[in-house]
$ cat start12.txt   # compact mmCIF, C-alpha atoms and all ligand atoms
# COMPACT_ATOMS: atom_id res chain seq x y z
CA THR A 192 0.00 0.00 0.00
CA GLY A 193 3.03 2.29 0.15
CA THR A 194 4.12 4.82 2.71
CA PRO A 195 1.40 7.11 4.05
CA VAL A 196 2.00 10.63 2.82
CA PRO A 197 0.77 13.39 5.10
CA ALA A 198 0.88 15.85 2.21
CA THR A 199 -2.21 15.08 0.17
CA VAL A 200 -3.54 16.28 -3.15
CA ALA A 201 -7.12 16.58 -4.35
CA ALA A 202 -8.97 13.27 -4.67
CA GLY A 203 -8.68 11.23 -7.86
CA LEU A 204 -10.55 12.14 -11.01
CA PRO A 205 -12.92 9.60 -12.58
CA CYS A 206 -12.10 8.87 -16.18
CA ALA A 207 -14.01 6.93 -18.86
CA THR A 208 -12.17 4.51 -21.10
CA LEU A 209 -13.14 3.58 -24.65
CA ASP A 210 -14.86 0.37 -23.63
CA GLY A 211 -17.12 2.25 -21.26
CA ARG A 212 -15.37 1.42 -17.99
CA THR A 213 -14.88 4.21 -15.52
CA VAL A 214 -11.52 4.11 -13.79
CA GLU A 215 -9.69 6.51 -11.56
CA HIS A 216 -7.53 8.68 -13.79
CA ALA A 217 -3.91 7.74 -13.22
CA ASN A 218 -2.08 11.03 -13.64
CA LEU A 219 1.48 10.02 -14.49
CA ASP A 220 2.37 13.50 -15.70
CA HIS A 221 3.40 15.26 -12.50
CA GLY A 222 6.55 16.52 -14.22
CA ALA A 223 4.43 18.84 -16.34
CA SER A 224 2.26 20.18 -13.50
CA ALA A 225 1.34 18.75 -10.13
CA PRO A 226 -2.19 18.95 -8.67
CA ALA A 227 -2.74 21.40 -5.83
CA LEU A 228 -2.02 20.23 -2.28
CA THR A 229 -4.91 20.48 0.13
CA ALA A 230 -2.63 22.66 2.30
CA VAL A 231 -2.26 25.02 -0.65
CA LYS A 232 -6.00 25.31 -1.13
CA GLN A 233 -6.48 26.00 2.57
CA ALA A 234 -3.80 28.70 2.57
CA VAL A 235 -5.41 30.42 -0.41
CA ASP A 236 -8.79 30.19 1.28
CA THR A 237 -7.44 31.89 4.37
CA ALA A 238 -5.60 34.57 2.42
CA THR A 239 -8.65 35.46 0.33
CA ARG A 240 -10.33 36.67 3.53
CA SER A 241 -8.01 39.68 3.47
CA TYR A 242 -8.07 40.18 -0.27
CA ALA A 243 -6.25 43.45 -0.91
CA SER A 244 -3.25 44.71 -2.81
CA VAL A 245 0.00 44.84 -0.88
CA HIS A 246 2.40 47.57 0.17
CA ARG A 247 0.39 50.62 -0.78
CA GLY A 248 -2.58 50.47 1.54
CA LYS A 249 -2.93 51.55 5.12
CA GLY A 250 -6.20 49.63 5.39
CA HIS A 251 -6.28 46.55 7.57
CA ALA A 252 -6.79 44.09 4.68
CA SER A 253 -3.90 45.58 2.76
CA GLN A 254 -1.67 45.39 5.83
CA VAL A 255 -2.59 41.75 6.39
CA SER A 256 -2.09 40.99 2.73
CA SER A 257 1.33 42.66 2.80
CA ARG A 258 2.31 40.56 5.80
CA TYR A 259 1.20 37.40 3.99
CA TYR A 260 3.24 38.37 0.95
CA GLU A 261 6.45 39.00 2.88
CA ALA A 262 5.93 35.92 5.06
CA ALA A 263 5.61 33.93 1.83
CA ARG A 264 8.93 35.31 0.68
CA GLU A 265 10.52 34.27 3.98
CA GLU A 266 9.12 30.76 3.66
CA VAL A 267 10.48 30.40 0.14
CA ALA A 268 13.85 31.68 1.39
CA ARG A 269 13.85 28.95 4.04
CA PHE A 270 12.81 26.34 1.47
CA VAL A 271 15.88 27.02 -0.67
CA GLY A 272 18.24 27.80 2.20
CA ALA A 273 18.74 31.40 1.05
CA ARG A 274 21.92 33.04 2.38
CA PRO A 275 22.25 36.56 3.74
CA GLY A 276 22.39 38.84 0.73
CA ASP A 277 20.31 36.59 -1.51
CA GLU A 278 17.18 38.02 -3.04
CA VAL A 279 13.95 36.09 -3.41
CA ILE A 280 12.03 37.44 -6.38
CA PHE A 281 8.56 36.15 -7.21
CA THR A 282 8.11 35.37 -10.88
CA ARG A 283 5.51 33.67 -13.05
CA GLN A 284 7.46 30.40 -13.35
CA THR A 285 10.94 29.06 -14.14
CA THR A 286 10.81 30.42 -17.69
CA ASP A 287 10.12 33.87 -16.31
CA ALA A 288 12.85 33.54 -13.68
CA MET A 289 15.49 32.56 -16.23
CA THR A 290 14.44 35.37 -18.53
CA LEU A 291 14.65 37.82 -15.63
CA LEU A 292 18.18 36.66 -14.87
CA ALA A 293 19.15 36.87 -18.54
CA GLY A 294 18.13 40.52 -18.47
CA ALA A 295 20.15 41.14 -15.31
CA LEU A 296 23.52 39.91 -16.56
CA PRO A 297 26.26 42.52 -16.29
CA GLU A 298 27.38 44.02 -19.60
CA GLY A 299 29.36 41.52 -21.68
CA THR A 300 28.58 38.45 -19.53
CA GLU A 301 29.20 35.19 -21.32
CA VAL A 302 26.94 32.20 -20.74
CA VAL A 303 27.82 28.52 -20.89
CA VAL A 304 24.91 26.11 -21.14
CA PHE A 305 24.51 22.40 -21.88
CA ASP A 306 22.32 21.38 -24.80
CA SER A 307 20.45 19.06 -22.44
CA GLU A 308 18.63 21.97 -20.80
CA HIS A 309 14.90 22.53 -20.95
CA HIS A 310 14.22 25.34 -23.43
CA ALA A 311 13.42 27.67 -20.53
CA SER A 312 17.05 27.44 -19.47
CA LEU A 313 18.55 26.96 -22.92
CA LEU A 314 17.13 29.88 -24.84
CA PRO A 315 16.95 33.20 -22.95
CA TRP A 316 20.67 33.97 -23.02
CA PRO A 317 22.35 36.67 -25.11
CA ALA A 318 22.94 35.73 -28.73
CA GLY A 319 26.59 35.80 -29.66
CA ARG A 320 27.76 35.48 -26.06
CA THR A 321 26.38 32.02 -25.29
CA THR A 322 28.32 28.79 -25.68
CA ARG A 323 26.21 25.67 -26.01
CA LEU A 324 27.98 22.50 -24.95
CA PRO A 325 26.87 19.18 -26.47
CA VAL A 326 24.87 16.82 -24.26
CA PRO A 327 27.53 15.14 -22.10
CA ARG A 328 27.15 11.38 -21.76
CA SER A 329 28.83 11.04 -18.36
CA GLU A 330 29.38 13.22 -15.31
CA ASP A 331 33.10 13.33 -16.13
CA ALA A 332 32.33 14.43 -19.68
CA ALA A 333 30.13 17.21 -18.29
CA ALA A 334 32.89 18.41 -15.98
CA ASP A 335 35.57 18.17 -18.70
CA ALA A 336 33.48 20.08 -21.23
CA LEU A 337 32.69 22.77 -18.71
CA GLU A 338 36.32 23.05 -17.63
CA ARG A 339 37.43 23.50 -21.24
CA ALA A 340 34.73 26.08 -21.91
CA LEU A 341 35.65 28.04 -18.79
CA GLN A 342 39.36 27.98 -19.61
CA ALA A 343 38.55 29.51 -22.99
CA ARG A 344 36.57 32.36 -21.46
CA THR A 345 37.93 35.87 -21.24
CA ASP A 346 38.01 37.99 -18.12
CA ARG A 347 34.37 38.95 -18.57
CA PRO A 348 31.72 37.69 -16.13
CA VAL A 349 30.56 34.18 -16.91
CA LEU A 350 27.30 32.44 -16.00
CA VAL A 351 27.00 28.64 -16.17
CA VAL A 352 23.50 27.19 -16.53
CA VAL A 353 22.66 23.71 -15.30
CA THR A 354 19.53 21.76 -14.53
CA ALA A 355 19.53 19.86 -11.24
CA ALA A 356 17.21 17.07 -12.43
CA SER A 357 16.43 16.42 -16.08
CA ASN A 358 12.79 16.82 -17.07
CA VAL A 359 13.33 14.12 -19.69
CA THR A 360 15.17 11.38 -17.84
CA GLY A 361 14.83 12.48 -14.22
CA GLU A 362 18.56 12.05 -13.77
CA LEU A 363 20.23 14.13 -11.09
CA TRP A 364 23.10 16.26 -12.34
CA PRO A 365 26.39 16.69 -10.48
CA VAL A 366 25.48 20.27 -9.71
CA ARG A 367 27.89 20.73 -6.82
CA ARG A 368 30.82 19.48 -8.87
CA LEU A 369 29.96 21.82 -11.76
CA ALA A 370 29.38 24.71 -9.36
CA ASP A 371 32.80 24.19 -7.76
CA LEU A 372 34.34 24.19 -11.22
CA ALA A 373 32.50 27.36 -12.18
CA HIS A 374 33.61 29.09 -8.99
CA ALA A 375 37.23 27.97 -9.43
CA HIS A 376 37.15 29.93 -12.69
CA GLY A 377 35.43 32.95 -11.18
CA ALA A 378 32.13 32.14 -12.90
CA ARG A 379 28.65 32.00 -11.38
CA ILE A 380 26.09 29.26 -11.79
CA VAL A 381 22.32 29.25 -12.05
CA VAL A 382 20.49 26.04 -11.22
CA ASP A 383 17.19 25.12 -12.84
CA ALA A 384 15.48 23.33 -9.96
CA ALA A 385 12.08 22.97 -11.65
CA GLN A 386 12.24 19.18 -11.48
CA LEU A 387 14.35 18.92 -8.34
CA ALA A 388 12.16 20.95 -6.01
CA PRO A 389 9.14 18.58 -6.14
CA HIS A 390 11.25 15.58 -5.18
CA ARG A 391 14.40 16.47 -3.22
CA ALA A 392 15.57 19.03 -0.71
CA VAL A 393 16.78 22.20 -2.36
CA ASP A 394 19.65 23.98 -0.67
CA LEU A 395 21.57 26.78 -2.30
CA THR A 396 24.66 26.17 -0.20
CA ALA A 397 24.75 22.39 -0.72
CA LEU A 398 24.20 22.86 -4.46
CA GLY A 399 26.77 25.67 -4.62
CA ALA A 400 24.27 27.70 -6.63
CA ASP A 401 24.55 31.45 -7.10
CA TYR A 402 21.03 31.56 -8.54
CA LEU A 403 18.19 29.11 -8.53
CA ALA A 404 14.78 28.99 -10.16
CA PHE A 405 11.70 26.79 -9.83
CA SER A 406 7.99 26.81 -10.64
CA GLY A 407 5.02 26.73 -8.29
CA HIS A 408 2.87 24.53 -10.51
CA LYS A 409 5.42 21.73 -10.30
CA VAL A 410 5.45 21.81 -6.49
CA TYR A 411 1.68 21.45 -6.14
CA ALA A 412 0.95 25.20 -6.07
CA PRO A 413 -0.97 27.09 -8.75
CA TYR A 414 0.16 28.29 -12.14
CA GLY A 415 1.62 31.75 -12.41
CA THR A 416 3.95 31.41 -9.44
CA GLY A 417 7.68 30.87 -9.46
CA VAL A 418 10.88 32.13 -7.96
CA LEU A 419 14.31 33.42 -8.81
CA VAL A 420 16.62 33.37 -5.80
CA GLY A 421 20.21 34.46 -5.68
CA ARG A 422 22.96 36.97 -5.27
CA ALA A 423 21.74 40.54 -4.98
CA ASP A 424 24.55 42.46 -6.69
CA TRP A 425 23.72 41.66 -10.34
CA LEU A 426 20.00 41.92 -9.65
CA ASP A 427 20.25 45.27 -7.89
CA ALA A 428 22.35 46.76 -10.69
CA ALA A 429 20.12 45.49 -13.50
CA PRO A 430 17.34 47.36 -15.27
CA PRO A 431 14.00 46.61 -13.60
CA TYR A 432 12.35 43.53 -15.12
CA LEU A 433 8.89 45.07 -14.97
CA PRO A 434 9.30 48.85 -14.86
CA GLY A 435 6.28 50.37 -13.15
CA GLY A 436 4.55 50.87 -9.83
CA GLY A 437 6.29 49.29 -6.87
CA ALA A 438 9.66 49.14 -8.62
CA THR A 439 10.28 52.87 -8.58
CA ALA A 440 12.03 54.87 -5.87
CA GLU A 441 11.30 58.25 -7.44
CA VAL A 442 9.89 59.42 -10.72
CA GLY A 443 10.61 62.92 -11.99
CA PRO A 444 10.32 64.81 -15.24
CA SER A 445 13.46 63.29 -16.68
CA GLY A 446 13.03 59.69 -15.68
CA ALA A 447 12.94 57.30 -12.76
CA THR A 448 15.21 55.89 -10.12
CA TRP A 449 14.57 52.31 -9.12
CA ARG A 450 14.41 50.51 -5.85
CA THR A 451 16.82 47.73 -4.99
CA GLY A 452 15.85 44.34 -3.62
CA ALA A 453 13.07 42.14 -4.94
CA ALA A 454 10.77 45.14 -5.47
CA ARG A 455 13.01 46.34 -8.32
CA HIS A 456 11.89 43.40 -10.45
CA GLU A 457 8.34 42.94 -9.16
CA GLY A 458 6.70 45.99 -10.71
CA GLY A 459 2.90 46.10 -10.82
CA SER A 460 0.43 44.56 -8.39
CA PRO A 461 1.99 41.31 -7.27
CA ASN A 462 0.41 37.87 -7.26
CA VAL A 463 -0.16 37.77 -3.51
CA LEU A 464 -2.36 34.68 -3.50
CA GLY A 465 0.11 32.89 -5.74
CA ALA A 466 2.94 33.70 -3.36
CA VAL A 467 0.90 32.51 -0.37
CA ALA A 468 0.05 29.29 -2.21
CA LEU A 469 3.64 28.69 -3.21
CA ALA A 470 4.80 29.26 0.35
CA ALA A 471 2.21 26.78 1.65
CA ALA A 472 3.59 24.18 -0.74
CA CYS A 473 7.16 24.96 0.33
CA ALA A 474 6.23 24.67 4.00
CA THR A 475 4.51 21.34 3.37
CA PHE A 476 7.53 20.03 1.56
CA ARG A 477 9.92 21.14 4.30
CA ARG A 478 7.74 19.42 6.89
CA HIS A 479 7.14 16.17 5.02
CA ARG A 480 10.15 15.82 2.77
CA GLU A 481 11.17 12.44 4.16
CA ALA A 482 7.72 10.92 3.79
CA ILE A 483 7.36 12.33 0.29
CA GLU A 484 10.69 10.89 -0.81
CA ALA A 485 9.81 7.53 0.71
CA HIS A 486 6.41 7.50 -1.00
CA GLU A 487 7.94 8.30 -4.38
CA ALA A 488 10.83 5.87 -3.95
CA HIS A 489 8.31 3.14 -3.18
CA LEU A 490 6.29 3.95 -6.30
CA PHE A 491 9.29 4.32 -8.58
CA ASP A 492 11.25 1.36 -7.28
CA GLY A 493 11.64 -1.17 -10.08
CA LEU A 494 9.58 0.79 -12.64
CA VAL A 495 12.48 1.42 -15.03
CA ASP A 496 13.50 -2.25 -14.83
CA ALA A 497 9.92 -3.41 -15.31
CA LEU A 498 9.57 -1.27 -18.45
CA GLU A 499 12.99 -2.37 -19.76
CA ALA A 500 11.99 -6.01 -19.29
CA ILE A 501 9.16 -5.60 -21.82
CA ASP A 502 10.15 -6.61 -25.33
CA GLY A 503 10.42 -3.54 -27.55
CA VAL A 504 10.61 -0.96 -24.77
CA ARG A 505 13.63 1.28 -24.51
CA THR A 506 14.22 3.71 -21.68
CA TYR A 507 16.62 6.62 -22.02
CA SER A 508 19.40 8.04 -19.88
CA ILE A 509 21.80 10.92 -20.36
CA PHE A 510 24.53 9.44 -18.17
CA SER A 511 23.56 5.86 -17.39
CA SER A 512 20.64 3.80 -16.22
CA ALA A 513 22.32 3.66 -12.79
CA GLN A 514 22.27 7.45 -12.33
CA PRO A 515 20.17 8.51 -9.33
CA ARG A 516 16.95 10.08 -10.58
CA VAL A 517 13.72 11.66 -9.51
CA PRO A 518 10.66 9.55 -10.41
CA VAL A 519 10.67 10.33 -14.12
CA VAL A 520 11.29 7.91 -16.98
CA THR A 521 11.16 8.40 -20.72
CA PHE A 522 10.74 5.49 -23.08
CA THR A 523 9.76 4.40 -26.56
CA LEU A 524 8.02 1.31 -27.82
CA ASP A 525 9.37 -0.27 -31.01
CA GLY A 526 6.98 0.09 -33.93
CA LEU A 527 4.45 2.31 -32.12
CA PRO A 528 4.66 6.10 -32.36
CA ALA A 529 4.89 7.80 -28.99
CA ASP A 530 1.73 9.82 -29.54
CA LEU A 531 -0.20 6.64 -30.30
CA VAL A 532 1.13 5.02 -27.13
CA ALA A 533 0.04 8.06 -25.12
CA THR A 534 -3.37 8.13 -26.80
CA ALA A 535 -3.98 4.43 -26.19
CA LEU A 536 -2.82 4.71 -22.58
CA SER A 537 -5.34 7.47 -22.02
CA ARG A 538 -8.34 6.08 -23.90
CA GLU A 539 -7.94 2.41 -23.06
CA HIS A 540 -6.41 2.52 -19.59
CA GLY A 541 -7.20 5.93 -18.11
CA ILE A 542 -3.52 6.77 -17.80
CA GLY A 543 -2.22 10.28 -18.46
CA VAL A 544 1.37 10.57 -19.68
CA ARG A 545 3.22 13.06 -21.83
CA ASP A 546 4.59 12.40 -25.28
CA GLY A 547 6.79 14.57 -27.47
CA LYS A 548 10.15 16.18 -26.98
CA PHE A 549 9.33 17.74 -23.62
CA CYS A 550 10.63 21.25 -24.47
CA ALA A 551 14.11 19.76 -24.62
CA HIS A 552 14.52 19.20 -28.35
CA PRO A 553 18.32 18.92 -28.54
CA LEU A 554 18.37 16.44 -25.66
CA VAL A 555 15.60 14.20 -26.98
CA THR A 556 17.14 14.24 -30.46
CA GLU A 557 20.46 13.15 -28.94
CA LEU A 558 18.92 10.42 -26.78
CA LEU A 559 16.76 8.94 -29.51
CA GLN A 560 19.72 8.72 -31.86
CA ASP A 561 20.86 5.92 -29.59
CA GLN A 562 18.00 3.70 -30.59
CA SER A 563 18.84 1.04 -33.13
CA GLU A 564 17.08 0.53 -36.48
CA GLY A 565 13.35 0.06 -36.23
CA GLY A 566 13.00 1.99 -32.99
CA CYS A 567 10.02 4.09 -32.06
CA ALA A 568 10.60 6.36 -34.99
CA GLY A 569 6.90 6.71 -35.65
CA PRO A 570 5.32 7.19 -39.04
CA VAL A 571 7.64 8.25 -41.85
CA ASP A 572 5.39 11.22 -42.60
CA GLY A 573 7.22 12.85 -39.72
CA THR A 574 4.28 13.20 -37.34
CA GLY A 575 5.31 11.81 -34.02
CA ALA A 576 8.75 10.95 -35.33
CA GLY A 577 11.65 11.36 -32.94
CA THR A 578 9.40 11.65 -29.94
CA ALA A 579 9.04 9.60 -26.78
CA VAL A 580 6.71 8.93 -23.86
CA ARG A 581 7.40 10.34 -20.42
CA VAL A 582 6.05 9.03 -17.14
CA SER A 583 6.51 11.24 -14.09
CA LEU A 584 5.25 10.26 -10.65
CA GLY A 585 4.27 12.29 -7.64
CA LEU A 586 1.99 12.66 -4.67
CA GLY A 587 -1.15 12.02 -6.69
CA ASN A 588 -0.07 8.45 -7.41
CA ARG A 589 -0.71 5.13 -5.76
CA PRO A 590 1.02 1.82 -6.52
CA GLU A 591 -2.01 0.71 -8.56
CA HIS A 592 -1.31 3.48 -11.09
CA VAL A 593 2.17 2.11 -11.67
CA THR A 594 1.08 -1.51 -11.96
CA ARG A 595 -1.67 -0.41 -14.35
CA LEU A 596 0.92 1.38 -16.48
CA VAL A 597 3.27 -1.60 -16.65
CA ALA A 598 0.42 -3.97 -17.55
CA ALA A 599 -0.81 -1.54 -20.23
CA ILE A 600 2.62 -1.16 -21.80
CA ARG A 601 3.08 -4.94 -21.73
CA GLU A 602 -0.23 -5.30 -23.56
CA LEU A 603 0.58 -2.55 -26.07
CA ALA A 604 3.99 -4.06 -26.77
CA GLY A 605 2.55 -7.54 -27.23
CA ALA A 606 -0.78 -7.05 -28.96
CA GLY A 607 -0.84 -3.37 -29.92
CA PRO A 608 -3.72 -1.04 -29.12
CA ARG A 609 -7.13 -2.62 -28.45
CA TRP A 610 -8.82 -0.14 -30.76
CA GLU A 611 -8.22 0.96 -34.31
CA TYR A 612 -6.79 4.45 -34.56
CA ALA A 613 -6.19 6.60 -37.60
CA ARG A 614 -4.34 9.86 -37.70
CA GLY A 615 -6.79 12.73 -38.22
CA ALA A 616 -6.17 15.74 -40.43
CA ASP A 617 -4.96 17.64 -37.38
CA GLY A 618 -2.29 14.99 -36.73
CA THR A 619 -3.93 13.49 -33.64
CA TRP A 620 -5.04 9.86 -33.35
CA GLN A 621 -8.80 9.36 -33.71
N1 LIG B 1 13.02 23.58 -16.45
C1 LIG B 1 12.65 22.31 -16.32
C2 LIG B 1 13.68 21.29 -15.95
C3 LIG B 1 11.31 21.97 -16.50
O1 LIG B 1 10.93 20.70 -16.37
C4 LIG B 1 10.38 22.97 -16.84
C5 LIG B 1 8.92 22.63 -17.06
N2 LIG B 1 8.69 21.55 -17.89
C6 LIG B 1 10.84 24.27 -16.97
C7 LIG B 1 12.16 24.55 -16.76
C8 LIG B 1 9.93 25.37 -17.32
O2 LIG B 1 8.99 25.53 -16.34
P1 LIG B 1 7.76 26.53 -16.55
O3 LIG B 1 7.01 26.02 -17.74
O4 LIG B 1 7.00 26.41 -15.29
O5 LIG B 1 8.36 27.87 -16.78
$ encode --input "start12.txt" --output "structure tokens"
Amino acid sequence: TGTPVPATVAAGLPCATLDGRTVEHANLDHGASAPALTAVKQAVDTATRSYASVHRGKGHASQVSSRYYEAAREEVARFVGARPGDEVIFTRQTTDAMTLLAGALPEGTEVVVFDSEHHASLLPWPAGRTTRLPVPRSEDAAADALERALQARTDRPVLVVVTAASNVTGELWPVRRLADLAHAHGARIVVDAAQLAPHRAVDLTALGADYLAFSGHKVYAPYGTGVLVGRADWLDAAPPYLPGGGATAEVGPSGATWRTGAARHEGGSPNVLGAVALAAACATFRRHREAIEAHEAHLFDGLVDALEAIDGVRTYSIFSSAQPRVPVVTFTLDGLPADLVATALSREHGIGVRDGKFCAHPLVTELLQDQSEGGCAGPVDGTGAGTAVRVSLGLGNRPEHVTRLVAAIRELAGAGPRWEYARGADGTWQ
């Protein structure tokens, strides 16, 4: 039955399958977005009782709301182990946080980034001053490539970008080792913790991160919340990310002076309820981290092996199948396009997974090159070609969801889909 998890999500969703059965929807797509925690809903409920904009009001509700907002910031700071001098800036999500940082780089900063990054962390950097390193196939290769890239850098500021846990394979990256390397060369490092934060403790000091970003909707809080945390000097010297109310110190006829601190980049009326919700998720995670990890380890234990044991299934790793990973696995099924596998899983078994390239095109292209002739390639017309299926587990899952998945994949690999599907004009399977 698994380990009891004190942190609970909303109850399961009923889901009809093609043959008319109603099953509980098995959401195996937590890596995309995770359902709200009950603690998050309660926190939002409480905070809506003092619904008012922050910082500018003397009214009681505004004062309470302001306190909630700053308490949320403190909770997030605790969640990531923020150091004195770090800023905690609320953003819309990881994409927004990375883009904010890209706009805050000192003049001439060079960026070094691995091709394995999610597009959010791969793309926002300055054209012409960004070095993209090929996907490294071992931790040593990652360190060697980074070392060489850093040796070749000039005396300008350098930012290294690395993801702590891959959204494609779940593999944990040797962040501390890469951070130490970066620092030995006088560079800074930003860590994309979007997939780490829902599964493992996040600690800026242990990671050696100068900056870190993650998204609320992946830690069981609502959409539209995220964080950039890190060293204040670059952020305080940068142009404001959202010039406007709240970010200004003084506005006169010839222009504006800007505040320092988080306010500099949080112009406009902030997402108070989002911040409160995110903080509630962070607090829940800090309190129940051990139980959450145990629950997920129990669910994930043996899943990769069980999939690999099915004839025609291939799972993918950047480094190796033995690399520690968060409960995420990407696979293909020989002879069946990934989008057909995902469609059949949903319609015939009530299982929700993701298929595609997971906003990590260079990485998925590299990984799927490994497959031998006759792999999942999908139809030659190109639709679905070069894509894979991703399963990502979380607090909304029970062991039955995982056993259902393995049985369904076994059936699909052996006998194919139960139903006839044809690709519609819009490219989807009907
Ligand atoms: N980085 C990683 C590793 C991710 O998995 C994601 C979300 N798939 C992102 C960044 C982007 O997150 P968001 O869409 O919330 O900005």
$ atom_distance --input "start12.txt" --atom1 "atom CA of A:Leu209" --atom2 "atom CA of A:Ala227"
27.9 Å
$ closest_residue --input "start12.txt" --among "A:Glu261, A:Glu602, A:Glu298, A:Asp346" --to "A:His246" --atoms "only C-alpha atoms"
A:Glu261
$ atom_distance --input "start12.txt" --atom1 "atom CA of A:Val580" --atom2 "atom CA of A:Asn218"
13.6 Å
$ residues_near_ligand --input "start12.txt" --ligand "ligand LIG 1 (chain B)" --cutoff "7 Å" --atoms "all atoms listed in the file" --output "list in words"
Gly222, Ala223, Gln284, Thr285, Thr286, Asp287, Glu308, His309, Ala311, Ser312, Thr354, Ala356, Ser357, Asn358, Asp383, Ala384, Ala385, Gln386, Ser406, His408, Phe549 and Cys550 of chain A
$ atom_distance --input "start12.txt" --atom1 "atom CA of A:Ala412" --atom2 "atom CA of A:Pro226"
7.5 Å
$ residues_around --input "start12.txt" --residues "A:Thr208" --least-positions-apart "4" --cutoff "10 Å" --atoms "only C-alpha atoms" --output "NGL selection string"
:A and (212-214 or 216 or 535-542)
$ residues_around --input "start12.txt" --residues "A:Pro275" --least-positions-apart "6" --cutoff "12 Å" --atoms "only C-alpha atoms" --output "list in words"
Glu265, Ala268, Arg269, Leu395, Thr396, Val420, Gly421, Arg422 and Ala423 of chain A
$ residues_around --input "start12.txt" --residues "A:Val504" --least-positions-apart "6" --cutoff "8 Å" --atoms "only C-alpha atoms" --output "list of chain:residue names"
A:Leu498, A:Phe522, A:Thr523, A:Leu524, A:Asp525, A:Ala604
$ write_last_selection --input "start12.txt" --atoms "C-alpha atoms" --output "mmCIF file, in the frame of the given file"
data_model
loop_
_atom_site.group_PDB
_atom_site.id
_atom_site.type_symbol
_atom_site.label_atom_id
_atom_site.label_comp_id
_atom_site.auth_asym_id
_atom_site.auth_seq_id
_atom_site.Cartn_x
_atom_site.Cartn_y
_atom_site.Cartn_z
ATOM 1 C CA LEU A 498 9.570 -1.270 -18.450
ATOM 2 C CA PHE A 522 10.740 5.490 -23.080
ATOM 3 C CA THR A 523 9.760 4.400 -26.560
ATOM 4 C CA LEU A 524 8.020 1.310 -27.820
ATOM 5 C CA ASP A 525 9.370 -0.270 -31.010
ATOM 6 C CA ALA A 604 3.990 -4.060 -26.770
#
$ closest_residue --input "start12.txt" --among "A:Ile280, A:Ala332, A:Leu219, A:Leu403" --to "A:Asn588" --atoms "all atoms listed in the file"
A:Leu219
$ closest_residue --input "start12.txt" --among "A:Ala468, A:Leu341, A:Val597, A:Leu586" --to "A:Thr237" --atoms "all atoms listed in the file"
A:Ala468
$ residues_around --input "start12.txt" --residues "stretch 334-336 of chain A" --least-positions-apart "6" --cutoff "12 Å" --atoms "all atoms listed in the file" --output "list in words"
Val303, Val304, Phe305, Asp306, Thr322, Arg323, Leu324, Pro325, Val326, Pro327, Arg328, Gln342, Ala343, Val351, Val353, Trp364, Pro365, Val366, Arg367, Arg368, Leu369, Ala370, Asp371, Leu372 and Ala373 of chain A
$ residues_around --input "start12.txt" --residues "A:Ser329" --least-positions-apart "4" --cutoff "8 Å" --atoms "all atoms listed in the file" --output "NGL selection string"
:A and (333 or 509-511)
$ closest_residue --input "start12.txt" --among "A:Arg480, A:His374, A:Arg344, A:His456" --to "A:Ala392" --atoms "only C-alpha atoms"
A:Arg480
$ build_atoms --input "start12.txt" --residues "stretch 357-367 of chain A" --atoms "N, CA and C atoms" --output "mmCIF file, in the coordinates of the input"
data_model
loop_
_atom_site.group_PDB
_atom_site.id
_atom_site.type_symbol
_atom_site.label_atom_id
_atom_site.label_comp_id
_atom_site.auth_asym_id
_atom_site.auth_seq_id
_atom_site.Cartn_x
_atom_site.Cartn_y
_atom_site.Cartn_z
ATOM 1 N N SER A 357 16.911 16.312 -14.697
ATOM 2 C CA SER A 357 16.430 16.420 -16.080
ATOM 3 C C SER A 357 14.919 16.185 -16.158
ATOM 4 N N ASN A 358 14.232 17.038 -16.908
ATOM 5 C CA ASN A 358 12.790 16.820 -17.070
ATOM 6 C C ASN A 358 12.508 15.688 -18.051
ATOM 7 N N VAL A 359 13.536 15.208 -18.731
ATOM 8 C CA VAL A 359 13.330 14.120 -19.690
ATOM 9 C C VAL A 359 13.636 12.766 -19.063
ATOM 10 N N THR A 360 14.760 12.684 -18.380
ATOM 11 C CA THR A 360 15.170 11.380 -17.840
ATOM 12 C C THR A 360 15.065 11.319 -16.321
ATOM 13 N N GLY A 361 14.877 12.451 -15.677
ATOM 14 C CA GLY A 361 14.830 12.480 -14.220
ATOM 15 C C GLY A 361 16.199 12.418 -13.568
ATOM 16 N N GLU A 362 17.226 12.225 -14.364
ATOM 17 C CA GLU A 362 18.560 12.050 -13.770
ATOM 18 C C GLU A 362 19.017 13.295 -13.010
ATOM 19 N N LEU A 363 19.662 13.040 -11.874
ATOM 20 C CA LEU A 363 20.230 14.130 -11.090
ATOM 21 C C LEU A 363 21.592 14.482 -11.679
ATOM 22 N N TRP A 364 21.829 15.769 -11.794
ATOM 23 C CA TRP A 364 23.100 16.260 -12.340
ATOM 24 C C TRP A 364 24.079 16.528 -11.209
ATOM 25 N N PRO A 365 25.365 16.425 -11.511
ATOM 26 C CA PRO A 365 26.390 16.690 -10.480
ATOM 27 C C PRO A 365 26.564 18.191 -10.277
ATOM 28 N N VAL A 366 25.512 18.809 -9.768
ATOM 29 C CA VAL A 366 25.480 20.270 -9.710
ATOM 30 C C VAL A 366 26.621 20.813 -8.872
ATOM 31 N N ARG A 367 26.860 20.180 -7.703
ATOM 32 C CA ARG A 367 27.890 20.730 -6.820
ATOM 33 C C ARG A 367 29.267 20.714 -7.485
#
